[in-house]
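Q: Encoded as structure tokens, here's the structure I'll be asking about.
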Amino acid sequence: MTTTRPAPGTPIAYRDPERQALARRAARRNALVGMASLVAFVVVVSFLVSRTPGWPAVQETFFSAEQFTESLPGLLEAFLLNIKIFLIAEPLILVFSLVIALTRTLRAPIFLPLRVVATIYVDVFRGIPTILVIFLLGFGMPALRLQGVPSDPVFWGTTALILSYSAYVAEVFRAGIGSVHPSQRMAARSLGLSVWQTNRYVVLPQAVRNVVPPLLNDFISLQKDTALVSVLGPIEVLRQAQIDASSTFNYTPYVAAAVIFIALTIPMTRFADWVQARMARRQRAGGVA
Amino acid sequence: MTGASEPLLGVSGVWKSFDEHPVLRGIDLDVALHEVVVLIGASGSGKSTLLRCINGLEPVDAGRIMLDGSVDVTAPSVDLDQVRRRVGIVFQSYNLFPHMTVLDNVMLAPRKVNRTDGGRARDEAITLLERFGLAAKAGEYPDRLSGGQAQRVAIVRALAMQPELMLFDEITSALDPLLVGEVLDAVRELKHGGLTIVMATHEMGFAREVADRVCYLHDGIVLEQGPPEQIFNDPREQATRDFLARVLV
Ligand SMILES: Nc1ncnc2c1ncn2[C@@H]1O[C@H](COP(=O)(O)OP(=O)(O)OP(=O)(O)O)[C@@H](O)[C@H]1O
Ligand SMILES: [Mg+2]
């Protein structure tokens with residue numbers, strides 16, 4: 001048997017057309033089988049669910065189309081507050097947690113007090129349920145009636161989220177800093193870079209890159225946890241759904257609120273997946289930024 | 001005392017232990033300007049430790065390390081950043097910064113430490129890269145380089161700070177044998193340019209060729225030193241003879 005040799009002047013990459021046709025056919029068949037099995041699955045599940053005795057009541061209470069369309073506009077409007085809380089909290093959390101993580105890496109004895117404070121902060125706020133922090137600040141601070149202390153529940157709810165999440169995100173950053181090999185620090189110091197310059201130009205860029213996926217994960221979580229602020233009373237989406245539901249004795253508004261959250265978190269989750277896949281690919285390919 | 005009569009590097013009576021395990025036990029070593037000194041010795045004899053002490057990366061337990069007879073690297077008050085600007089070091093594992101291009105690796109310290117302006121730092125970096133046959137790689141990231149290229153970039157990166165003294169710690173040990181030659185060529189080029197060098201190596205052939213003086217480290221001291229012909233052909237100490245018999249097959 002002889003192998004086909006490309007004639008002089010043909011491009012280097014040569015693919016056997018017969019093999020390619022086979023591969024295309026296999027790919028088409030796989031897609032078809034996948035689709036068919038998915039459709040079959042959906043049909044069977046919906047059939048089984050709709051045959052359960054409780055289904056009509058469930059449908060009316062949770063999935064009423066009429067209730068859904070009625071409450072959706074109000075919910076969306078209330079959701080703007082969730083978005084606002086999120087947009088204010090996220091950048092502050094990033095900055096605050098980075099400062100805490102860096103503080104915890106300082107080794108000089110003079111920084112001992114700072115290091116102790118940062119460590120206690122992380123221990124405390126990682127230990128307290130977020131909702132409890134929100135209660136403590138949201139009800140406690142205004143009760144002090146101190147001059148100049150705001151009593152706005154949104155302010156205190158957002159502050160509580162920032163305090164709570166910064167403790168988690170600081171640990172994410174710290175893990176990232178720890179993942180940079182010590183020889184990188186040594187190489188930078190041996191070139192005459194100061195401790196600060198070494199962090200700024202050598203350690204942190206690599207550390208942040210290493211923790212982008214877990215960071216995105218925490219932010220998806222934060223999007224959802226903006227609903228916790230509802231316990232203080234401001235009309236965000238969950239509170240609005242609660243109001244709607246209690247006036248009609250129908251739970252569809254809760255489902256509508258859930259749909260709104262999902263509509264926001266799914267794109268974010270896909271984005272996180274994409275970033276992660278891209279970084280993994282780049283690592284394999286030996287990355288060009 | 002005038003600077004001219006002082007060696008560029010003066011190591012005297014340096015002791016260093018790790019957890020009660022003494023590695024350096026009174027090292028004396030003077031290195032003159034433009035001199036190339038090669039450290040040889042068994043694995044674990046303290047070659048790397050000595051080089052790291054000279055650069056201030058490791059504190060010593062006792063003794064002095066003087067630059068120019070004026071700056072004491074071991075003094076508690078010394079500005080180590082200042083010392084490291086004058087003393088470059090290249091390691092066995094190249095330790096390039098993986099998130100920066102070759103050019104940015106080379107320019108980082110001149111720009112941030114010496115505050116050289118961007119344009120000039122770039123010109124100087126490109127000139128250095130050209131000198132070592134790396135101009136075409138300026139825009140690459142380190143993981144696209146061969147080991148030999150990466151190690152030459154590490155040398156260029158250290159050179160960009162215009163050190164007066166260069167320390168090389170087994171810079172060819174991690175390399176594929178085929179790539180050792182290009183890195184050794186770079187060292188020859190530096191010797192030719194008059195740079196003062198202290199290097200640890202297991203490449204005895206190269207040590208013989210490039211060294212002005214060879215120092216044999218044994219039991220934490222410089223047991224024997226001299227010109228390469230003397231050390232390799234006519235070692236005085238039995239321990240040196242045994243060591244050379246083992247490494248020169
Ligand atoms: N940071 C450290 N902590 C503890 N022990 C160390 C440390 N660095 C070096 N040592 C020990 O000091 C001794 C000398 O090590 P060093 O790396 O200086 O030897 P070397 O001559 O460079 O050896 P090689 O030829 O293998 O590179 C070894 O026993 C080593 O285990
Ligand atoms: Mg060594």
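By convention in this document, the chains of the structure tokens carry letters A, B, ... by their order, each chain's residues are numbered from 1, and ligands are numbered from 1 in the order they are shown.
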Can I get the residues close to ligand 1 as a PyMOL selection string, where close means within 9 Å and we count only C-alpha atoms and all ligand atoms?

A: chain B and resi 16-19+21-24+39-52+58+92+169-170+200-202+217+220

Q: DSSP on the backbone, then: every residue of range 6-186 of chain A marked alpha helix (DSSP H), written as a ChimeraX atom specification.

A: /A:17-51,55-62,65-105,112-127,130-143,153-178,182-186

Q: Using only C-alpha atoms, find the residues of chain B whose closest atom to chain A is at most 8 Å away, then write them as a VMD selection string.

A: chain B and resid 55 57 80 to 85 88 to 89 95 to 97 99 109 112 to 113 140 to 141 143 to 144 158 161

Q: When you look at Leu102 in chain A with a cut-off of 10 Å (counting only C-alpha atoms), what residues show up, excluding the ones that are within fewer than 3 positions of it in the same chain? I need them as a PyMOL selection string.

A: chain A and resi 97-99+105-106+115+118+170+173-174+177+196+199+204

Q: So how many Å separate CA of Gln67 in chain A and CA of Thr252 in chain A, to one decimal?

A: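 Pair CA of Gln67 in chain A / CA of Thr252 in chain A returns 6.2 Å.
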
Q: Can you work out which one of B:Leu179, B:Ile221, B:Val249, B:Leu134 has the shortest atom-to-atom distance to Gly205 in chain B, counting only C-alpha atoms?

A: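 Counting only C-alpha atoms, the residue closest to Gly205 in chain B is B:Val249.
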
Q: Give me the residues within 10 Å of Val14 in chain B as a list in words, counting only C-alpha atoms and dropping any in the same chain fewer than 3 places off.

A: Val11, Leu24, Arg25, Gly26, Ile27, Asp28, Leu29, Leu50, Cys53, Val60, Asp61, Ala62, Gly63, Arg64, Ile65, Thr74, Gly220 and Ile221 of chain B

Q: Please determine, counting only C-alpha atoms, which residue among A:Leu76, A:Ile220, A:Ile88, A:Ala36 has the shortest atom-to-atom distance to Ala256 in chain A.

A: A:Leu76

Q: Can you tell me, as an MDAnalysis selection string, what residues are no more than 8 Å from range 193-199 of chain B when counting only C-alpha atoms, ignoring any on the same chain fewer than 6 positions away?

A: chainID B and resid 32:39 164:170

Q: Would you kindly return, as a ChimeraX atom specification, each protein, DNA or RNA residue with an atom no farther than 10 Å from any atom of Phe79 in chain A, considering only C-alpha atoms and excluding same-chain residues fewer than 5 positions away?

A: /A:73-74,84-85,226-227,235-240,257,260-261

Q: What's the 9 Å shell around Gln223 in chain A, counting only C-alpha atoms, without same-chain residues fewer than 5 positions away, as number ranges by chain?

A: A: 82-83, 85-86, 218, 261, 264-265
